[in-house]
file query.cif (mmCIF, C-alpha atoms)
data_coords
loop_
_atom_site.label_atom_id
_atom_site.label_comp_id
_atom_site.auth_asym_id
_atom_site.auth_seq_id
_atom_site.Cartn_x
_atom_site.Cartn_y
_atom_site.Cartn_z
CA MET A 9 29.84 -11.86 -15.32
CA GLN A 10 31.36 -8.52 -16.33
CA ASN A 11 33.72 -7.02 -18.85
CA LYS A 12 35.12 -3.57 -19.16
CA THR A 13 35.59 -1.23 -22.09
CA THR A 14 36.68 2.36 -21.62
CA ASN A 15 35.07 3.52 -18.43
CA ARG A 16 32.09 1.36 -19.23
CA TYR A 17 31.16 -2.00 -17.78
CA LYS A 18 28.90 -4.61 -19.20
CA ILE A 19 27.22 -6.93 -16.74
CA ILE A 20 24.49 -9.52 -17.08
CA PHE A 21 21.20 -9.00 -15.35
CA PRO A 22 20.36 -12.18 -13.40
CA SER A 23 17.51 -14.24 -14.78
CA ASP A 24 16.49 -15.69 -11.42
CA TYR A 25 15.23 -13.59 -8.57
CA SER A 26 16.26 -15.31 -5.37
CA GLU A 27 17.37 -13.25 -2.39
CA ALA A 28 20.91 -14.62 -2.76
CA THR A 29 21.01 -13.53 -6.40
CA ARG A 30 19.68 -10.08 -5.52
CA THR A 31 22.25 -9.63 -2.77
CA GLY A 32 25.06 -10.88 -4.99
CA PHE A 33 24.05 -8.63 -7.86
CA LEU A 34 23.85 -5.50 -5.72
CA LYS A 35 27.20 -6.39 -4.18
CA GLU A 36 28.68 -6.65 -7.67
CA ILE A 37 27.21 -3.27 -8.57
CA GLY A 38 28.65 -1.80 -5.38
CA THR A 39 32.11 -3.08 -6.28
CA LEU A 40 31.82 -1.66 -9.80
CA LEU A 41 30.70 1.72 -8.56
CA LEU A 42 33.86 2.03 -6.48
CA GLU A 43 35.66 2.49 -9.79
CA LYS A 44 33.28 5.31 -10.72
CA PRO A 45 32.51 4.20 -14.28
CA LYS A 46 30.60 6.59 -16.54
CA LEU A 47 28.24 3.90 -17.65
CA ILE A 48 27.11 0.40 -16.83
CA SER A 49 25.60 -1.62 -19.66
CA LEU A 50 23.16 -4.11 -18.28
CA ASP A 51 22.66 -7.11 -20.53
CA CYS A 52 18.96 -7.94 -20.22
CA SER A 53 18.88 -10.55 -22.96
CA SER A 54 18.29 -13.38 -20.49
CA LEU A 55 15.38 -11.54 -18.90
CA LYS A 56 12.43 -13.13 -20.64
CA ASN A 57 9.83 -13.70 -17.94
CA ILE A 58 9.76 -10.62 -15.80
CA VAL A 59 8.77 -10.66 -12.15
CA SER A 60 8.19 -7.58 -10.02
CA SER A 61 11.25 -8.35 -7.88
CA GLN A 62 13.42 -7.93 -10.98
CA ILE A 63 11.83 -4.58 -11.76
CA GLY A 64 12.53 -3.67 -8.14
CA LEU A 65 16.12 -4.81 -8.47
CA LEU A 66 16.52 -2.84 -11.69
CA TRP A 67 15.19 0.25 -9.97
CA GLU A 68 17.43 -0.24 -6.94
CA MET A 69 20.46 -0.64 -9.22
CA ARG A 70 19.51 2.53 -11.06
CA ARG A 71 19.11 4.40 -7.78
CA ARG A 72 22.57 3.36 -6.60
CA CYS A 73 24.17 4.19 -9.94
CA ARG A 74 22.49 7.57 -10.06
CA LYS A 75 23.77 8.33 -6.58
CA ALA A 76 27.28 7.45 -7.75
CA GLY A 77 26.92 9.55 -10.92
CA THR A 78 26.96 6.49 -13.18
CA GLY A 79 24.55 6.06 -16.08
CA VAL A 80 22.71 2.82 -16.77
CA GLU A 81 21.89 1.50 -20.21
CA LEU A 82 19.84 -1.59 -20.87
CA LEU A 83 21.27 -3.88 -23.50
CA SER A 84 18.77 -5.93 -25.53
CA PRO A 85 15.74 -5.45 -23.31
CA SER A 86 12.77 -7.60 -24.31
CA SER A 87 9.61 -5.93 -25.55
CA GLY A 88 7.90 -7.17 -22.38
CA LEU A 89 10.44 -5.41 -20.17
CA ILE A 90 10.12 -2.20 -22.17
CA CYS A 91 6.35 -2.37 -21.98
CA VAL A 92 6.39 -2.87 -18.20
CA LEU A 93 8.83 0.03 -17.74
CA LYS A 94 6.58 2.24 -19.85
CA VAL A 95 3.46 1.31 -17.89
CA LEU A 96 5.29 2.11 -14.66
CA ASP A 97 6.58 5.36 -16.09
CA LEU A 98 10.15 4.17 -15.51
CA TYR A 99 11.08 3.92 -19.18
CA ASP A 100 12.73 7.31 -19.37
CA GLN A 101 14.96 6.53 -16.43
CA PHE A 102 17.26 4.33 -18.53
CA GLN A 103 19.17 4.45 -21.78
CA TYR A 104 18.66 1.63 -24.27
CA VAL A 105 21.16 -0.02 -26.55
CA ASP A 106 20.87 -2.51 -29.38
CA GLU A 107 23.40 -5.25 -28.84
CA ALA A 108 24.22 -5.69 -32.52
CA THR A 109 25.21 -2.09 -33.11
CA PHE A 110 25.94 -1.09 -29.55
CA LYS A 111 24.46 2.24 -30.57
CA PRO A 112 22.17 4.05 -28.25
CA ARG A 113 18.45 4.08 -28.98
CA GLU A 114 17.98 7.03 -26.73
CA LYS A 115 20.58 9.70 -26.19
CA THR A 116 20.26 10.39 -22.52
CA ALA A 117 18.17 9.37 -19.59
CA LYS A 118 15.90 12.10 -18.31
CA VAL A 119 16.30 13.40 -14.81
CA ILE A 120 13.60 12.06 -12.49
CA PRO A 121 10.91 14.71 -12.20
CA THR A 122 10.51 15.78 -8.58
CA LYS A 123 6.86 14.77 -8.66
CA ASN A 124 7.59 11.14 -9.38
CA TYR A 125 8.05 8.55 -6.71
CA ALA A 126 9.15 4.93 -6.70
CA ASP A 127 9.62 2.38 -3.99
CA GLU A 128 9.43 -1.35 -3.42
CA PHE A 129 8.27 -3.45 -0.52
CA THR A 130 8.00 -7.06 0.48
CA PRO A 131 4.56 -8.43 1.40
CA ASP A 132 4.96 -8.18 5.19
CA ALA A 133 3.53 -5.76 7.73
CA GLU A 134 6.82 -4.06 8.62
CA SER A 135 7.85 -3.44 5.03
CA ILE A 136 4.35 -2.17 4.14
CA ASP A 137 4.36 0.23 7.11
CA LYS A 138 7.75 1.56 6.06
CA ALA A 139 6.69 1.99 2.43
CA GLN A 140 3.46 3.64 3.53
CA SER A 141 5.40 6.15 5.65
CA GLY A 142 7.69 6.92 2.72
CA PHE A 143 4.73 7.47 0.42
CA VAL A 144 3.04 9.76 2.95
CA ARG A 145 6.25 11.81 3.23
CA PHE A 146 6.22 12.16 -0.57
CA LEU A 147 2.58 13.27 -0.51
CA GLU A 148 3.30 15.76 2.27
CA SER A 149 6.09 17.23 0.16
CA LEU A 150 3.46 18.05 -2.48
CA ASN A 151 1.57 20.24 0.01
CA LEU A 152 -1.69 18.42 -0.57
CA HIS A 153 -4.79 18.80 1.56
CA HIS A 154 -4.59 16.47 4.57
CA MET A 155 -7.76 14.64 3.50
CA THR A 156 -6.30 13.90 0.08
CA ILE A 157 -3.16 12.54 1.73
CA PHE A 158 -5.32 10.41 3.99
CA GLU A 159 -7.30 9.03 1.06
CA LEU A 160 -4.16 8.17 -0.89
CA GLN A 161 -2.56 6.65 2.19
CA THR A 162 -5.66 4.50 2.64
CA ILE A 163 -5.60 3.37 -0.99
CA PHE A 164 -1.93 2.47 -0.64
CA TYR A 165 -2.47 0.56 2.58
CA GLU A 166 -5.47 -1.40 1.33
CA VAL A 167 -3.76 -2.43 -1.91
CA ALA A 168 -0.52 -3.31 -0.12
CA THR A 169 -2.35 -5.34 2.51
CA ASN A 170 -4.10 -7.23 -0.26
CA PHE A 171 -0.67 -8.37 -1.47
CA ARG A 172 0.26 -9.44 2.01
CA LEU A 173 -2.86 -11.49 2.57
CA HIS A 174 -3.84 -12.82 -0.81
CA SER A 175 -1.04 -12.64 -3.38
CA GLY A 176 0.75 -15.81 -2.32
CA MET A 177 4.04 -13.98 -2.77
CA GLN A 178 7.12 -15.05 -0.84
CA LEU A 179 8.63 -12.62 1.66
CA SER A 180 11.69 -12.42 -0.56
CA GLU A 181 9.62 -11.07 -3.47
CA PHE A 182 9.09 -7.38 -4.01
CA VAL A 183 6.09 -5.34 -5.01
CA VAL A 184 7.16 -2.31 -7.03
CA PHE A 185 5.25 0.87 -6.40
CA THR A 186 5.40 4.09 -8.42
CA ALA A 187 3.46 7.33 -8.21
CA ARG A 188 3.45 10.19 -10.66
CA THR A 189 1.63 13.44 -10.49
CA ASN A 190 0.71 16.28 -12.78
CA ASP A 191 -1.51 19.29 -12.36
CA LYS A 192 -4.68 17.22 -12.78
CA LYS A 193 -4.12 13.94 -10.97
CA ILE A 194 -1.88 11.39 -9.31
CA ALA A 195 -1.45 7.88 -10.70
CA LEU A 196 -0.30 5.02 -8.49
CA ALA A 197 1.00 1.80 -10.03
CA PHE A 198 1.62 -1.47 -8.20
CA THR A 199 3.45 -4.30 -9.93
CA ASP A 200 3.71 -7.76 -8.42
CA SER A 201 4.31 -11.33 -9.39
CA GLY A 202 1.73 -12.89 -7.13
CA LYS A 203 -1.44 -14.69 -8.17
CA LEU A 204 -3.19 -12.91 -11.01
CA PHE A 205 -5.91 -10.84 -9.41
CA ASP A 206 -8.15 -8.37 -11.21
CA ILE A 207 -9.58 -6.04 -8.61
CA THR A 208 -11.87 -4.40 -11.16
CA LYS A 209 -13.89 -7.63 -11.38
CA TYR A 210 -14.97 -7.43 -7.75
CA PRO A 211 -18.21 -5.75 -6.67
CA ILE A 212 -18.13 -2.42 -4.92
CA ASP A 213 -21.58 -2.62 -3.39
CA LEU A 214 -21.84 -2.53 0.35
CA ASN A 215 -25.11 -2.64 2.26
CA PRO A 216 -24.25 -1.73 5.86
CA GLU A 217 -27.41 -3.29 7.29
CA ILE A 218 -26.76 -6.63 5.62
CA ALA A 219 -23.04 -6.53 6.37
CA GLY A 220 -23.79 -5.81 10.03
CA LYS A 221 -26.45 -8.49 10.32
CA ASN A 222 -24.10 -10.99 8.71
CA LYS A 223 -21.30 -9.89 11.06
CA LYS A 224 -19.12 -9.34 8.04
CA ARG A 225 -15.55 -8.47 8.92
CA ARG A 226 -13.77 -8.68 5.57
CA GLY A 227 -14.09 -7.41 2.03
CA PHE A 228 -14.32 -3.71 2.80
CA GLY A 229 -10.83 -2.97 1.47
CA ILE A 230 -11.77 -3.49 -2.17
CA VAL A 231 -14.87 -1.32 -1.69
CA LEU A 232 -12.73 1.42 -0.16
CA ILE A 233 -10.18 1.26 -2.98
CA HIS A 234 -12.91 1.52 -5.61
CA ARG A 235 -14.66 4.39 -3.90
CA LEU A 236 -11.54 6.41 -3.08
CA ALA A 237 -9.90 6.09 -6.50
CA ASP A 238 -11.35 7.87 -9.54
CA LYS A 239 -10.08 5.31 -12.02
CA ILE A 240 -8.73 1.78 -11.67
CA GLU A 241 -7.05 -0.14 -14.43
CA TYR A 242 -5.74 -3.68 -14.19
CA ILE A 243 -3.13 -4.93 -16.60
CA GLY A 244 -2.45 -8.52 -15.81
CA GLY A 245 -1.38 -11.75 -17.32
CA LYS A 246 0.45 -10.47 -20.35
CA PHE A 247 3.88 -10.70 -18.77
CA GLY A 248 2.97 -12.91 -15.83
CA LEU A 249 2.64 -9.78 -13.72
CA ASN A 250 -0.16 -7.97 -12.01
CA ILE A 251 -0.03 -4.27 -12.77
CA LEU A 252 -2.63 -2.19 -11.02
CA VAL A 253 -2.90 1.49 -11.89
CA LEU A 254 -5.10 3.76 -9.79
CA GLU A 255 -5.77 7.40 -10.48
CA LYS A 256 -7.03 10.13 -8.27
CA ARG A 257 -7.88 13.54 -9.65
CA TRP A 258 -7.07 16.64 -7.65
CA LYS A 259 -10.17 18.33 -6.35
CA MET B 16 3.92 -1.12 18.54
CA GLU B 17 2.64 1.59 20.93
CA ASP B 18 0.68 3.07 18.01
CA LYS B 19 -1.38 -0.09 17.71
CA LYS B 20 -2.28 -0.44 21.39
CA ILE B 21 -5.91 -0.80 22.45
CA SER B 22 -7.04 -0.10 26.00
CA LYS B 23 -10.32 -0.86 27.80
CA THR B 24 -11.77 0.84 30.84
CA ALA B 25 -14.98 -0.24 32.56
CA VAL B 26 -17.29 2.65 33.46
CA ASN B 27 -19.82 0.54 35.38
CA ASP B 28 -21.36 -2.93 35.13
CA THR B 29 -22.89 -2.30 31.71
CA THR B 30 -20.64 0.21 29.99
CA VAL B 31 -17.03 -0.04 28.93
CA ILE B 32 -14.77 2.28 26.96
CA VAL B 33 -12.47 0.72 24.37
CA LYS B 34 -9.81 3.03 23.03
CA PRO B 35 -7.59 2.22 20.07
CA PHE B 36 -4.55 4.46 19.86
CA LYS B 37 -3.05 5.82 16.65
CA THR B 38 -3.80 2.97 14.30
CA LEU B 39 -6.55 0.42 13.87
CA ASP B 40 -5.54 -1.70 10.91
CA ASN B 41 -4.83 -5.23 9.82
CA ASN B 42 -2.16 -5.60 12.50
CA ASN B 43 -4.43 -5.04 15.48
CA ALA B 44 -8.00 -5.47 14.15
CA HIS B 45 -8.07 -9.05 15.44
CA GLU B 46 -7.13 -7.73 18.90
CA MET B 47 -9.98 -5.21 18.67
CA VAL B 48 -12.39 -8.06 17.83
CA ASP B 49 -11.04 -10.12 20.75
CA ILE B 50 -11.47 -7.22 23.18
CA ILE B 51 -14.99 -6.35 22.01
CA THR B 52 -16.06 -10.01 22.01
CA ALA B 53 -14.62 -10.50 25.50
CA VAL B 54 -16.44 -7.50 26.99
CA GLN B 55 -19.66 -8.58 25.27
CA GLU B 56 -19.28 -12.01 26.86
CA GLU B 57 -18.59 -10.36 30.21
CA GLY B 58 -22.02 -8.71 29.96
CA TYR B 59 -21.14 -5.14 28.96
CA LYS B 60 -24.03 -3.99 26.81
CA MET B 61 -22.80 -0.54 25.88
CA ILE B 62 -19.35 -0.41 24.34
CA ILE B 63 -17.97 3.05 23.67
CA VAL B 64 -15.15 3.14 21.15
CA ASP B 65 -13.18 6.31 21.86
CA MET B 66 -11.48 7.31 18.60
CA SER B 67 -10.02 10.59 19.81
CA ASP B 68 -6.40 9.48 19.25
CA LEU B 69 -7.02 7.45 16.12
CA GLU B 70 -5.08 8.62 13.08
CA PHE B 71 -5.58 5.71 10.69
CA LEU B 72 -8.47 3.29 10.24
CA SER B 73 -8.18 0.58 7.63
CA SER B 74 -10.91 -1.64 6.23
CA ALA B 75 -9.88 -4.34 8.72
CA GLY B 76 -10.46 -1.84 11.51
CA VAL B 77 -13.89 -1.06 10.11
CA GLY B 78 -14.56 -4.81 9.95
CA SER B 79 -13.63 -5.23 13.61
CA ILE B 80 -16.54 -2.95 14.55
CA LEU B 81 -19.04 -3.92 11.88
CA GLY B 82 -18.45 -7.62 12.54
CA THR B 83 -19.21 -7.33 16.25
CA ILE B 84 -21.85 -4.61 16.52
CA GLU B 85 -24.83 -6.90 16.00
CA ASN B 86 -23.85 -9.00 19.02
CA SER B 87 -24.28 -5.89 21.19
CA ARG B 88 -27.50 -4.87 19.48
CA GLU B 89 -28.95 -8.38 19.81
CA ALA B 90 -28.23 -8.14 23.55
CA GLY B 91 -30.07 -4.83 23.77
CA GLY B 92 -26.95 -2.69 23.73
CA ASP B 93 -24.80 -1.02 21.12
CA ILE B 94 -21.32 -0.04 20.09
CA ILE B 95 -21.06 3.75 20.17
CA LEU B 96 -18.24 5.51 18.35
CA CYS B 97 -17.18 8.83 19.80
CA SER B 98 -14.69 11.65 19.14
CA VAL B 99 -14.25 10.46 15.58
CA PRO B 100 -11.63 12.56 13.74
CA ASP B 101 -12.66 14.05 10.38
CA SER B 102 -10.42 11.77 8.36
CA ILE B 103 -11.74 8.62 10.08
CA ASN B 104 -15.30 9.86 9.69
CA HIS B 105 -14.59 10.36 6.00
CA ILE B 106 -13.72 6.67 5.65
CA LEU B 107 -16.99 5.75 7.39
CA GLU B 108 -18.86 8.10 5.03
CA VAL B 109 -17.18 6.63 1.98
CA LEU B 110 -18.41 3.21 3.10
CA ASP B 111 -21.93 4.59 3.79
CA LEU B 112 -21.68 3.52 7.43
CA THR B 113 -22.46 6.75 9.24
CA ASP B 114 -26.21 6.11 9.39
CA TYR B 115 -25.85 2.50 10.40
CA LEU B 116 -23.29 3.08 13.15
CA THR B 117 -24.07 5.00 16.31
CA ILE B 118 -21.70 7.97 16.42
CA ARG B 119 -21.47 10.72 19.01
CA GLU B 120 -19.34 13.82 18.92
CA SER B 121 -17.75 13.44 22.35
CA LYS B 122 -17.15 10.86 25.03
CA ASP B 123 -19.59 12.66 27.35
CA MET B 124 -22.31 12.45 24.74
CA ALA B 125 -21.57 8.76 24.24
CA LEU B 126 -21.74 8.19 28.00
CA ASN B 127 -25.05 10.02 28.13
CA LEU B 128 -26.42 7.86 25.38
CA ALA B 129 -25.21 4.78 27.24
CA GLY B 130 -27.19 5.99 30.21
CA THR B 131 -24.12 6.77 32.19
CA ALA B 132 -23.91 10.45 33.02
CA ASN B 133 -20.31 11.51 33.47
#

call {"tool": "encode", "arguments": {"input": "query.cif", "output": "structure tokens"}}
result
Amino acid sequence: MQNKTTNRYKIIFPSDYSEATRTGFLKEIGTLLLEKPKLISLDCSSLKNIVSSQIGLLWEMRRRCRKAGTGVELLSPSSGLICVLKVLDLYDQFQYVDEATFKPREKTAKVIPTKNYADEFTPDAESIDKAQSGFVRFLESLNLHHMTIFELQTIFYEVATNFRLHSGMQLSEFVVFTARTNDKKIALAFTDSGKLFDITKYPIDLNPEIAGKNKKRRGFGIVLIHRLADKIEYIGGKFGLNILVLEKRWK
Amino acid sequence: MEDKKISKTAVNDTTVIVKPFKTLDNNNAHEMVDIITAVQEEGYKMIIVDMSDLEFLSSAGVGSILGTIENSREAGGDIILCSVPDSINHILEVLDLTDYLTIRESKDMALNLAGTAN
């Protein structure tokens, strides 16, 4: 599974995404990092159909390597993988190498800007609560108005709960979540491999009188998401993934 | 799970106070519905939902109130929300619910409205 050149390991990124594979892969990374290599080359050539759990695993591997002071380069990433990483604003976190030449496409990975955030969660209540708390801590670190934090927390919770209830994802699958901010706005991106679901196609009308008379108890989450976010974009189907990007402008 | 606890306290034969603690979300909204439905069936016409400790209200929490309020109104009563924090009120405003729901600033005002002077 791995071979070593000078202070540089090449390993193959797993093409399946079972929990056992994930655990085994991270264990292998852990063992490699004990030797403190400068660089790990991750062969992504077998990664054709991308699922969110694999993006999550890639991110987790990068986090561990970064902590150990080891760089990560992706060897022969597919155009789909590159596109997904770009949409999630994770592209600059890796180096890229062409297998034929073994020459870098990009010189160095950029340092994560302090106003970027990434996490992953499984579609269960406990994991969502934990991810929500982490996101709120990130928002608090930005010194935002408490109402803005509350709105963003609500958006996060409603989208995450939608995964839990409707995505059909297994508990072993991960939803990848990223947030990036600039002086004008914050953009949240959720990537999952559940059923394709385009939230922008759903109505945002809500008549309280009718809802009350009909004793309606569900369907308010989508309305809330639409009304709290300034812009919603759904990118789905192309890579078998749902990618939902929500923006909120600073007021 | 202390954060998701919901308590109920009868004031008299017609009025009861239901108090969700920190969170009313997908994890305990069904419990909220069960409690409200049970007190409605027990004959309590006025249900005061004391939100003074509530820190987070999700759409499921909103649904637990909106989905049960007509039962009280059909029986000649109501569900009265009181001590609603700004952030929670904001969610109700975003959903255009503040005119439809009966909201009072304090528990005393809610009790007065329910015809139960404190």

call {"tool": "residues_around", "arguments": {"input": "query.cif", "residues": "Asn86 (chain B)", "least_positions_apart": "5", "cutoff": "12 Å", "atoms": "all atoms listed in the file", "output": "list of chain:residue names"}}
result
A:Gly220, A:Lys221, A:Asn222, A:Lys223, A:Lys224, B:Val48, B:Ile51, B:Thr52, B:Ala53, B:Val54, B:Gln55, B:Glu56, B:Gly58, B:Tyr59, B:Lys60, B:Met61, B:Ile62, B:Ile80, B:Leu81, B:Gly91, B:Gly92, B:Asp93, B:Ile94

call {"tool": "interface_residues", "arguments": {"input": "query.cif", "of": "chain B", "to": "chain A", "cutoff": "8 Å", "atoms": "all atoms listed in the file", "output": "list in words"}}
result
Asn41, Asn42, Ser73, Ser74, Ala75, Val77, Gly78, Ser79, Ile80, Leu81, Gly82, Thr83, Ile84, Glu85, Ser102, Ile106, Val109, Leu110, Asp111, Leu112 and Tyr115 of chain B

call {"tool": "atom_distance", "arguments": {"input": "query.cif", "atom1": "CA of Lys46 (chain A)", "atom2": "CA of Gly77 (chain A)"}}
result
7.3 Å

call {"tool": "closest_residue", "arguments": {"input": "query.cif", "among": "B:Gly76, B:Met66, B:Asp28, B:Ile21", "to": "Leu96 (chain B)", "atoms": "all atoms listed in the file"}}
result
B:Met66

call {"tool": "atom_distance", "arguments": {"input": "query.cif", "atom1": "CA of Asp97 (chain A)", "atom2": "CA of Met69 (chain A)"}}
result
16.6 Å

call {"tool": "atom_distance", "arguments": {"input": "query.cif", "atom1": "CA of Tyr99 (chain A)", "atom2": "CA of Arg72 (chain A)"}}
result
17.0 Å

call {"tool": "residues_around", "arguments": {"input": "query.cif", "residues": "Asp200 (chain A)", "least_positions_apart": "5", "cutoff": "8 Å", "atoms": "only C-alpha atoms", "output": "ChimeraX atom specification"}}
result
/A:59-61,182-184,249-251

call {"tool": "resolve_selection", "arguments": {"input": "query.cif", "expression": "the PyMOL selection byres ((chain A and resi 68) around 12)", "output": "number ranges by chain"}}
result
A: 30-31, 33-35, 37-38, 61-67, 69-75, 80, 101, 126-129, 182, 184

call {"tool": "resolve_selection", "arguments": {"input": "query.cif", "expression": "the PyMOL selection byres ((chain A and resi 259) around 12)", "output": "count of residues only"}}
result
12

call {"tool": "residues_around", "arguments": {"input": "query.cif", "residues": "Val99 (chain B)", "least_positions_apart": "4", "cutoff": "10 Å", "atoms": "all atoms listed in the file", "output": "PyMOL selection string"}}
result
chain B and resi 64-70+103-105+107+118-122

call {"tool": "closest_residue", "arguments": {"input": "query.cif", "among": "A:Asn151, A:Leu204, A:Asp132, A:Gly142", "to": "Gln178 (chain A)", "atoms": "only C-alpha atoms"}}
result
A:Asp132

call {"tool": "closest_residue", "arguments": {"input": "query.cif", "among": "B:Ser98, B:Leu126, B:Ile50, B:Ser87", "to": "Asn27 (chain B)", "atoms": "all atoms listed in the file"}}
result
B:Leu126
